[in-house]
$ cat final.csv   # CSV, C-alpha atoms and all ligand atoms
chain,number,residue,atom,x,y,z
A,1,MET,CA,53.4,-2.8,-4.1
A,2,VAL,CA,50.0,-2.1,-5.6
A,3,MET,CA,49.3,1.6,-5.9
A,4,THR,CA,46.0,3.0,-4.6
A,5,ILE,CA,44.4,5.0,-7.4
A,6,VAL,CA,41.4,6.2,-5.6
A,7,ASP,CA,41.2,6.6,-1.8
A,8,ALA,CA,37.9,8.2,-0.7
A,9,HIS,CA,37.5,8.8,3.0
A,10,ASN,CA,34.1,9.6,4.5
A,11,ILE,CA,32.8,11.6,1.6
A,12,SER,CA,29.3,13.1,1.8
A,13,LYS,CA,27.4,15.1,-0.7
A,14,THR,CA,24.4,17.4,-0.1
A,15,TYR,CA,22.4,19.1,-2.8
A,16,ALA,CA,20.6,22.3,-2.0
A,17,GLY,CA,17.7,23.5,-4.1
A,18,ASN,CA,14.2,24.9,-3.6
A,19,GLY,CA,15.2,25.8,0.0
A,20,GLN,CA,15.7,22.1,0.7
A,21,LYS,CA,18.8,20.2,1.4
A,22,THR,CA,19.1,16.5,0.4
A,23,THR,CA,22.1,14.4,1.4
A,24,VAL,CA,22.6,11.9,-1.4
A,25,LEU,CA,26.0,10.4,-0.3
A,26,HIS,CA,26.6,9.5,3.4
A,27,ASP,CA,30.2,9.0,4.6
A,28,ILE,CA,31.3,6.8,1.7
A,29,SER,CA,34.8,5.3,2.0
A,30,LEU,CA,36.3,3.2,-0.7
A,31,ARG,CA,39.6,2.4,-2.3
A,32,ILE,CA,40.3,1.4,-5.9
A,33,TYR,CA,43.7,-0.1,-6.8
A,34,GLU,CA,45.9,0.2,-9.8
A,35,HIS,CA,44.8,-2.1,-12.7
A,36,GLU,CA,41.5,-3.0,-11.1
A,37,PHE,CA,38.2,-3.1,-13.1
A,38,VAL,CA,35.5,-2.1,-10.6
A,39,ALA,CA,31.8,-2.1,-11.4
A,40,ILE,CA,29.5,0.3,-9.4
A,41,VAL,CA,26.0,-0.9,-9.2
A,42,GLY,CA,22.8,-0.1,-7.3
A,43,PRO,CA,19.2,1.2,-7.8
A,44,SER,CA,18.4,4.3,-9.7
A,45,GLY,CA,18.8,7.4,-7.6
A,46,SER,CA,21.2,5.6,-5.1
A,47,GLY,CA,24.0,8.0,-5.8
A,48,LYS,CA,26.3,6.2,-8.3
A,49,SER,CA,26.6,9.1,-10.7
A,50,THR,CA,27.1,11.6,-7.9
A,51,LEU,CA,29.9,9.4,-6.5
A,52,VAL,CA,31.8,8.9,-9.7
A,53,LYS,CA,31.5,12.7,-10.5
A,54,LEU,CA,33.3,13.3,-7.2
A,55,LEU,CA,35.9,10.6,-7.9
A,56,GLY,CA,36.5,12.1,-11.4
A,57,LEU,CA,36.8,15.7,-10.1
A,58,LEU,CA,33.7,16.8,-11.9
A,59,ASP,CA,32.2,18.0,-8.6
A,60,LYS,CA,33.4,18.4,-5.0
A,61,PRO,CA,32.3,16.6,-1.9
A,62,GLY,CA,30.6,18.5,0.9
A,63,ARG,CA,32.7,16.7,3.5
A,64,GLY,CA,35.4,14.0,3.4
A,65,THR,CA,38.6,13.7,1.4
A,66,ILE,CA,39.7,12.1,-1.8
A,67,LYS,CA,43.2,11.1,-2.6
A,68,LEU,CA,44.0,10.2,-6.2
A,69,PHE,CA,47.2,8.4,-7.3
A,70,GLY,CA,48.5,8.4,-3.8
A,71,GLU,CA,48.4,12.1,-3.4
A,72,THR,CA,46.1,14.6,-1.6
A,73,LEU,CA,44.3,16.8,-4.1
A,74,PRO,CA,45.7,20.3,-4.6
A,75,ARG,CA,43.4,23.0,-3.3
A,76,SER,CA,43.2,25.3,-6.4
A,77,ASP,CA,40.5,24.7,-9.0
A,78,LYS,CA,43.0,25.2,-11.7
A,79,ALA,CA,45.3,22.5,-10.4
A,80,GLN,CA,42.4,20.1,-10.0
A,81,SER,CA,41.2,20.8,-13.5
A,82,ARG,CA,44.6,19.9,-14.8
A,83,ILE,CA,44.5,16.5,-13.0
A,84,ARG,CA,41.0,16.0,-14.4
A,85,ASN,CA,42.1,16.7,-17.9
A,86,GLU,CA,45.4,14.9,-17.9
A,87,GLN,CA,45.0,12.0,-15.5
A,88,ILE,CA,41.4,11.0,-15.5
A,89,GLY,CA,39.3,9.9,-18.5
A,90,PHE,CA,35.5,10.2,-18.1
A,91,VAL,CA,33.0,8.6,-20.4
A,92,PHE,CA,29.3,9.7,-20.2
A,93,GLN,CA,26.1,7.7,-21.0
A,94,ASP,CA,25.1,10.5,-23.4
A,95,TYR,CA,28.6,10.9,-25.0
A,96,ARG,CA,28.8,14.7,-24.5
A,97,LEU,CA,30.6,15.4,-27.7
A,98,ILE,CA,30.7,18.8,-29.4
A,99,PRO,CA,28.1,18.1,-32.2
A,100,HIS,CA,29.5,20.5,-34.8
A,101,TYR,CA,33.1,19.3,-34.3
A,102,SER,CA,34.5,16.4,-36.3
A,103,ALA,CA,35.3,13.1,-34.5
A,104,LEU,CA,39.0,14.0,-34.7
A,105,ASP,CA,38.5,17.5,-33.2
A,106,ASN,CA,36.4,16.1,-30.4
A,107,VAL,CA,39.2,13.6,-29.5
A,108,ALA,CA,41.7,16.5,-29.7
A,109,VAL,CA,39.9,18.6,-27.1
A,110,PRO,CA,42.0,17.4,-24.0
A,111,LEU,CA,45.2,17.8,-26.0
A,112,LYS,CA,44.2,21.4,-26.9
A,113,ILE,CA,43.5,22.2,-23.3
A,114,ALA,CA,46.8,20.7,-22.3
A,115,GLY,CA,48.5,23.0,-24.8
A,116,TYR,CA,49.8,20.6,-27.4
A,117,SER,CA,50.6,21.9,-30.9
A,118,ARG,CA,47.9,21.5,-33.6
A,119,GLY,CA,50.1,19.0,-35.4
A,120,HIS,CA,50.5,16.8,-32.4
A,121,GLN,CA,46.8,17.1,-31.6
A,122,LYS,CA,45.9,15.7,-35.1
A,123,LYS,CA,48.4,12.9,-35.0
A,124,ARG,CA,47.5,11.7,-31.6
A,125,ALA,CA,43.7,12.0,-32.1
A,126,ALA,CA,44.0,10.0,-35.3
A,127,GLU,CA,45.9,7.3,-33.4
A,128,LEU,CA,43.1,7.1,-30.8
A,129,LEU,CA,40.4,7.0,-33.5
A,130,LYS,CA,42.2,4.1,-35.0
A,131,LEU,CA,42.4,2.3,-31.6
A,132,VAL,CA,38.6,2.5,-31.4
A,133,GLY,CA,38.1,1.5,-35.1
A,134,LEU,CA,36.9,4.9,-36.3
A,135,GLU,CA,39.6,6.1,-38.7
A,136,SER,CA,37.2,6.1,-41.6
A,137,VAL,CA,34.9,8.7,-40.0
A,138,ALA,CA,37.6,11.0,-38.5
A,139,HIS,CA,36.4,14.0,-40.4
A,140,HIS,CA,32.6,13.4,-40.0
A,141,LYS,CA,30.8,15.7,-37.6
A,142,ALA,CA,29.9,14.1,-34.3
A,143,SER,CA,26.2,14.9,-34.9
A,144,GLN,CA,26.3,12.6,-38.0
A,145,LEU,CA,27.6,9.6,-36.2
A,146,SER,CA,25.6,6.7,-34.7
A,147,GLY,CA,25.3,6.3,-30.9
A,148,GLY,CA,27.9,3.5,-30.9
A,149,GLN,CA,30.3,5.6,-33.0
A,150,GLN,CA,29.8,8.6,-30.8
A,151,GLN,CA,30.5,6.5,-27.7
A,152,ARG,CA,33.7,5.3,-29.3
A,153,VAL,CA,34.7,8.9,-30.0
A,154,GLY,CA,33.9,9.6,-26.3
A,155,ILE,CA,36.3,6.7,-25.3
A,156,ALA,CA,39.0,7.9,-27.6
A,157,ARG,CA,38.7,11.4,-26.1
A,158,ALA,CA,38.9,10.0,-22.6
A,159,LEU,CA,42.1,8.1,-23.4
A,160,VAL,CA,43.9,10.6,-25.5
A,161,LEU,CA,46.2,11.8,-22.7
A,162,GLN,CA,46.8,8.2,-21.4
A,163,PRO,CA,45.0,8.7,-18.1
A,164,LYS,CA,45.7,6.3,-15.2
A,165,LEU,CA,42.0,6.2,-14.4
A,166,LEU,CA,39.1,5.7,-16.7
A,167,ILE,CA,35.6,6.3,-15.3
A,168,ALA,CA,32.6,5.4,-17.4
A,169,ASP,CA,29.0,6.2,-16.2
A,170,GLU,CA,26.6,3.8,-17.9
A,171,PRO,CA,28.7,3.8,-21.1
A,172,THR,CA,26.3,1.3,-22.7
A,173,GLY,CA,23.1,2.7,-21.2
A,174,ASN,CA,21.9,4.3,-24.4
A,175,LEU,CA,22.9,1.5,-26.8
A,176,ASP,CA,21.4,-1.7,-28.0
A,177,SER,CA,23.0,-4.8,-26.6
A,178,ALA,CA,25.2,-5.7,-29.5
A,179,THR,CA,26.6,-2.2,-29.7
A,180,GLY,CA,26.9,-2.1,-26.0
A,181,GLU,CA,29.0,-5.3,-26.1
A,182,SER,CA,31.3,-3.8,-28.7
A,183,ILE,CA,31.9,-0.8,-26.4
A,184,MET,CA,32.6,-3.2,-23.4
A,185,LYS,CA,35.0,-5.1,-25.6
A,186,ILE,CA,36.9,-1.9,-26.2
A,187,LEU,CA,36.9,-1.0,-22.5
A,188,ARG,CA,38.1,-4.5,-21.6
A,189,THR,CA,40.9,-4.3,-24.1
A,190,ILE,CA,42.0,-0.9,-22.8
A,191,HIS,CA,42.0,-2.3,-19.3
A,192,SER,CA,44.0,-5.4,-20.1
A,193,LYS,CA,46.4,-4.0,-22.8
A,194,LEU,CA,47.0,-0.5,-21.4
A,195,GLY,CA,46.6,-1.5,-17.8
A,196,THR,CA,44.2,1.5,-17.2
A,197,THR,CA,42.3,1.3,-14.0
A,198,LEU,CA,38.7,1.1,-15.0
A,199,VAL,CA,35.5,2.1,-13.0
A,200,VAL,CA,32.2,1.4,-14.8
A,201,VAL,CA,28.8,2.4,-13.4
A,202,THR,CA,26.2,0.0,-14.8
A,203,HIS,CA,22.7,-1.4,-14.5
A,204,SER,CA,23.6,-4.4,-16.5
A,205,ALA,CA,24.4,-7.7,-14.7
A,206,GLU,CA,26.4,-8.8,-17.8
A,207,VAL,CA,28.6,-5.7,-17.7
A,208,ALA,CA,29.1,-6.0,-13.9
A,209,ALA,CA,30.1,-9.7,-14.3
A,210,GLN,CA,33.1,-8.6,-16.4
A,211,ALA,CA,34.6,-6.6,-13.5
A,212,SER,CA,37.1,-7.9,-11.0
A,213,ARG,CA,35.1,-6.3,-8.2
A,214,THR,CA,31.6,-4.9,-7.8
A,215,ILE,CA,30.7,-2.2,-5.3
A,216,THR,CA,26.9,-1.8,-4.5
A,217,ILE,CA,25.6,1.6,-3.6
A,218,ARG,CA,22.2,1.9,-1.9
A,219,ASP,CA,20.7,5.1,-0.4
A,220,GLY,CA,24.0,6.9,-0.7
A,221,ARG,CA,26.0,4.3,1.2
A,222,VAL,CA,28.3,1.4,0.3
A,223,ALA,CA,25.9,-1.6,0.7
A,224,GLY,CA,28.3,-4.3,-0.2
A,225,GLU,CA,31.2,-5.5,-2.2
A,226,GLN,CA,31.7,-8.6,-4.3
A,227,LEU,CA,34.9,-10.1,-5.8
B,301,LIG,N1,22.4,18.4,-9.3
B,301,LIG,C1,21.5,17.8,-8.5
B,301,LIG,N2,20.7,18.6,-7.7
B,301,LIG,C2,19.9,18.0,-6.8
B,301,LIG,N3,19.7,16.7,-6.6
B,301,LIG,C3,20.5,15.9,-7.4
B,301,LIG,C4,21.4,16.4,-8.4
B,301,LIG,N4,22.0,15.4,-9.0
B,301,LIG,C5,21.5,14.3,-8.4
B,301,LIG,N5,20.6,14.6,-7.5
B,301,LIG,C6,19.8,13.6,-6.7
B,301,LIG,O1,20.7,12.8,-6.0
B,301,LIG,C7,20.3,11.4,-5.9
B,301,LIG,C8,21.3,10.5,-6.6
B,301,LIG,O2,21.4,10.8,-7.9
B,301,LIG,P1,22.4,10.0,-8.9
B,301,LIG,O3,22.3,10.7,-10.2
B,301,LIG,O4,23.7,10.0,-8.3
B,301,LIG,O5,21.8,8.5,-8.9
B,301,LIG,P2,22.2,7.3,-9.8
B,301,LIG,O6,22.5,6.2,-8.8
B,301,LIG,O7,23.3,7.6,-10.7
B,301,LIG,O8,20.9,7.0,-10.5
B,301,LIG,P3,20.7,6.4,-12.0
B,301,LIG,O9,21.0,4.9,-11.9
B,301,LIG,O10,19.2,6.6,-12.3
B,301,LIG,O11,21.6,7.1,-13.0
B,301,LIG,C9,18.9,11.4,-6.6
B,301,LIG,O12,17.9,11.5,-5.7
B,301,LIG,C10,19.0,12.7,-7.5
B,301,LIG,O13,17.7,13.2,-7.7
B,302,MG,MG,23.4,7.8,-12.8
$ encode --input "final.csv" --output "structure tokens" --more "lines below"
Ligand SMILES: Nc1ncnc2c1ncn2[C@@H]1O[C@H](COP(=O)(O)OP(=O)(O)OP(=O)(O)O)[C@@H](O)[C@H]1O
Ligand SMILES: [Mg+2]
Amino acid sequence: MVMTIVDAHNISKTYAGNGQKTTVLHDISLRIYEHEFVAIVGPSGSGKSTLVKLLGLLDKPGRGTIKLFGETLPRSDKAQSRIRNEQIGFVFQDYRLIPHYSALDNVAVPLKIAGYSRGHQKKRAAELLKLVGLESVAHHKASQLSGGQQQRVGIARALVLQPKLLIADEPTGNLDSATGESIMKILRTIHSKLGTTLVVVTHSAEVAAQASRTITIRDGRVAGEQL
């Protein structure tokens, strides 16, 4: 039986600011299954980043429920943070590394949070840097790396605790097309070799064409799906 990795039911999100409330997601329901590679596409401002932040437990929906890995989410923030750190990898368009940390120390952050020994952190982070082809810059500061290298560090960090779900929000959005393709190649390899369920938000038709399914978001609603 195929496991349901993400089961979102009627989720809505409203932002409040300047005395105004804006609903940016309206009753979205969707499922993502184990080993899928799903692309999320749609116009700028349609709610894609808002949606994947909810699925990745970086924010909470106003209404609706999200089940991950077949289970209802725990109520406590602490328990949710633990799931976010240990079972979900999140890759950002702007990398979000700690600039004055080395590549290795950036990759080690989730291991540190999870309480692993310094020795294990170094060993495991080095393995992940090797996986993304960056062993030669392990001790360079993140701020001294190119955009493509920083994104590979971001991917290594996202994978270091072997998450079942990897979410990438426009992972190639800040990169030239050749570098972007090298990042997609790494993500495709992770998906096929490690079997990680992959969700990629993208504006690129080329990237979306690599997915097994595409979900289109328009005005905060699921506007269509394509296999
Ligand atoms: N923290 C916030 N506070 C208020 N409004 C927000 C916030 N984050 C996003 N929005 C609004 O929610 C809507 C959806 O934004 P979102 O970032 O999810 O779109 P997107 O589809 O990811 O767009 P893009 O393709 O440009 O990244 C936009 O109108 C945006 O202005
Ligand atoms: Mg976005």
$ residues_around --input "final.csv" --residues "stretch 6-18 of chain A" --least-positions-apart "4" --cutoff "12 Å" --atoms "all atoms listed in the file" --output "PyMOL selection string"
chain A and resi 2+22-36+38+47-57+59-73+88+164-167+197-199+219-222
$ atom_distance --input "final.csv" --atom1 "atom CA of A:Gly195" --atom2 "atom CA of A:Gly89"
13.6 Å
$ atom_distance --input "final.csv" --atom1 "atom CA of A:Ala125" --atom2 "atom CA of A:Ala178"
25.7 Å
$ closest_atom_pairs --input "final.csv" --of "chain A" --to "ligand MG 302 (chain B)" --cutoff "12 Å" --atoms "all atoms listed in the file" --output "CSV"
residue,atom,partner,partner_atom,distance
A:Ile40,CA,B:MG302,MG,10.2
A:Val41,CA,B:MG302,MG,9.8
A:Gly42,CA,B:MG302,MG,9.6
A:Pro43,CA,B:MG302,MG,9.3
A:Ser44,CA,B:MG302,MG,6.8
A:Gly45,CA,B:MG302,MG,7.0
A:Ser46,CA,B:MG302,MG,8.3
A:Gly47,CA,B:MG302,MG,7.0
A:Lys48,CA,B:MG302,MG,5.6
A:Ser49,CA,B:MG302,MG,4.0
A:Thr50,CA,B:MG302,MG,7.2
A:Leu51,CA,B:MG302,MG,9.2
A:Val52,CA,B:MG302,MG,9.0
A:Lys53,CA,B:MG302,MG,9.7
A:Phe92,CA,B:MG302,MG,9.7
A:Gln93,CA,B:MG302,MG,8.6
A:Asp94,CA,B:MG302,MG,11.1
A:Ala168,CA,B:MG302,MG,10.6
A:Asp169,CA,B:MG302,MG,6.7
A:Glu170,CA,B:MG302,MG,7.2
A:Pro171,CA,B:MG302,MG,10.6
A:Gly173,CA,B:MG302,MG,9.8
A:Val200,CA,B:MG302,MG,11.1
A:Val201,CA,B:MG302,MG,7.7
A:Thr202,CA,B:MG302,MG,8.5
A:His203,CA,B:MG302,MG,9.4
A:Ile217,CA,B:MG302,MG,11.3
$ closest_atom_pairs --input "final.csv" --of "stretch 140-167 of chain A" --to "stretch 106-116 of chain A" --cutoff "12 Å" --atoms "only C-alpha atoms" --output "JSON lines"
{"residue": "A:His140", "atom": "CA", "partner": "A:Asn106", "partner_atom": "CA", "distance": 10.7}
{"residue": "A:Lys141", "atom": "CA", "partner": "A:Asn106", "partner_atom": "CA", "distance": 9.1}
{"residue": "A:Ala142", "atom": "CA", "partner": "A:Asn106", "partner_atom": "CA", "distance": 7.8}
{"residue": "A:Ser143", "atom": "CA", "partner": "A:Asn106", "partner_atom": "CA", "distance": 11.2}
{"residue": "A:Gln150", "atom": "CA", "partner": "A:Asn106", "partner_atom": "CA", "distance": 10.0}
{"residue": "A:Gln151", "atom": "CA", "partner": "A:Val107", "partner_atom": "CA", "distance": 11.4}
{"residue": "A:Arg152", "atom": "CA", "partner": "A:Val107", "partner_atom": "CA", "distance": 10.0}
{"residue": "A:Val153", "atom": "CA", "partner": "A:Val107", "partner_atom": "CA", "distance": 6.5}
{"residue": "A:Gly154", "atom": "CA", "partner": "A:Val107", "partner_atom": "CA", "distance": 7.4}
{"residue": "A:Ile155", "atom": "CA", "partner": "A:Val107", "partner_atom": "CA", "distance": 8.6}
{"residue": "A:Ala156", "atom": "CA", "partner": "A:Val107", "partner_atom": "CA", "distance": 6.0}
{"residue": "A:Arg157", "atom": "CA", "partner": "A:Val107", "partner_atom": "CA", "distance": 4.1}
{"residue": "A:Ala158", "atom": "CA", "partner": "A:Val107", "partner_atom": "CA", "distance": 7.8}
{"residue": "A:Leu159", "atom": "CA", "partner": "A:Val107", "partner_atom": "CA", "distance": 8.7}
{"residue": "A:Val160", "atom": "CA", "partner": "A:Val107", "partner_atom": "CA", "distance": 6.9}
{"residue": "A:Leu161", "atom": "CA", "partner": "A:Leu111", "partner_atom": "CA", "distance": 6.9}
{"residue": "A:Gln162", "atom": "CA", "partner": "A:Pro110", "partner_atom": "CA", "distance": 10.7}
{"residue": "A:Pro163", "atom": "CA", "partner": "A:Pro110", "partner_atom": "CA", "distance": 10.9}
$ write_last_selection --input "final.csv" --atoms "C-alpha atoms" --output "PDB file, keeping the file's coordinate frame"
ATOM      1  CA  HIS A 140      32.600  13.400 -40.000  1.00  0.00           C
ATOM      2  CA  LYS A 141      30.800  15.700 -37.600  1.00  0.00           C
ATOM      3  CA  ALA A 142      29.900  14.100 -34.300  1.00  0.00           C
ATOM      4  CA  SER A 143      26.200  14.900 -34.900  1.00  0.00           C
ATOM      5  CA  GLN A 150      29.800   8.600 -30.800  1.00  0.00           C
ATOM      6  CA  GLN A 151      30.500   6.500 -27.700  1.00  0.00           C
ATOM      7  CA  ARG A 152      33.700   5.300 -29.300  1.00  0.00           C
ATOM      8  CA  VAL A 153      34.700   8.900 -30.000  1.00  0.00           C
ATOM      9  CA  GLY A 154      33.900   9.600 -26.300  1.00  0.00           C
ATOM     10  CA  ILE A 155      36.300   6.700 -25.300  1.00  0.00           C
ATOM     11  CA  ALA A 156      39.000   7.900 -27.600  1.00  0.00           C
ATOM     12  CA  ARG A 157      38.700  11.400 -26.100  1.00  0.00           C
ATOM     13  CA  ALA A 158      38.900  10.000 -22.600  1.00  0.00           C
ATOM     14  CA  LEU A 159      42.100   8.100 -23.400  1.00  0.00           C
ATOM     15  CA  VAL A 160      43.900  10.600 -25.500  1.00  0.00           C
ATOM     16  CA  LEU A 161      46.200  11.800 -22.700  1.00  0.00           C
ATOM     17  CA  GLN A 162      46.800   8.200 -21.400  1.00  0.00           C
ATOM     18  CA  PRO A 163      45.000   8.700 -18.100  1.00  0.00           C
TER      19      PRO A 163
END
$ closest_residue --input "final.csv" --among "A:Thr216, A:Gln80, A:Gln121, A:Leu175" --to "ligand LIG 301 (chain B)" --atoms "all atoms listed in the file"
A:Thr216
$ atom_distance --input "final.csv" --atom1 "atom CA of A:Arg84" --atom2 "atom CA of A:Leu58"
7.8 Å
$ residues_around --input "final.csv" --residues "A:Gln210" --least-positions-apart "6" --cutoff "9 Å" --atoms "all atoms listed in the file" --output "PyMOL selection string"
chain A and resi 37+39+184+188
$ closest_residue --input "final.csv" --among "A:Thr4, A:Gln20, A:Thr196, A:Thr179" --to "ligand LIG 301 (chain B)" --atoms "all atoms listed in the file"
A:Gln20
$ closest_residue --input "final.csv" --among "A:Asn174, A:Gln87, A:Asp105, A:Leu97" --to "ligand LIG 301 (chain B)" --atoms "all atoms listed in the file"
A:Asn174
$ closest_residue --input "final.csv" --among "A:Gly19, A:Ser81, A:Leu128, A:Gly180" --to "ligand LIG 301 (chain B)" --atoms "only C-alpha atoms and all ligand atoms"
A:Gly19
$ closest_residue --input "final.csv" --among "A:Leu129, A:Val91, A:Glu135, A:Lys21" --to "ligand LIG 301 (chain B)" --atoms "all atoms listed in the file"
A:Lys21
$ closest_residue --input "final.csv" --among "A:Lys122, A:Lys193, A:Arg218, A:Lys130" --to "A:Ser102" --atoms "all atoms listed in the file"
A:Lys122
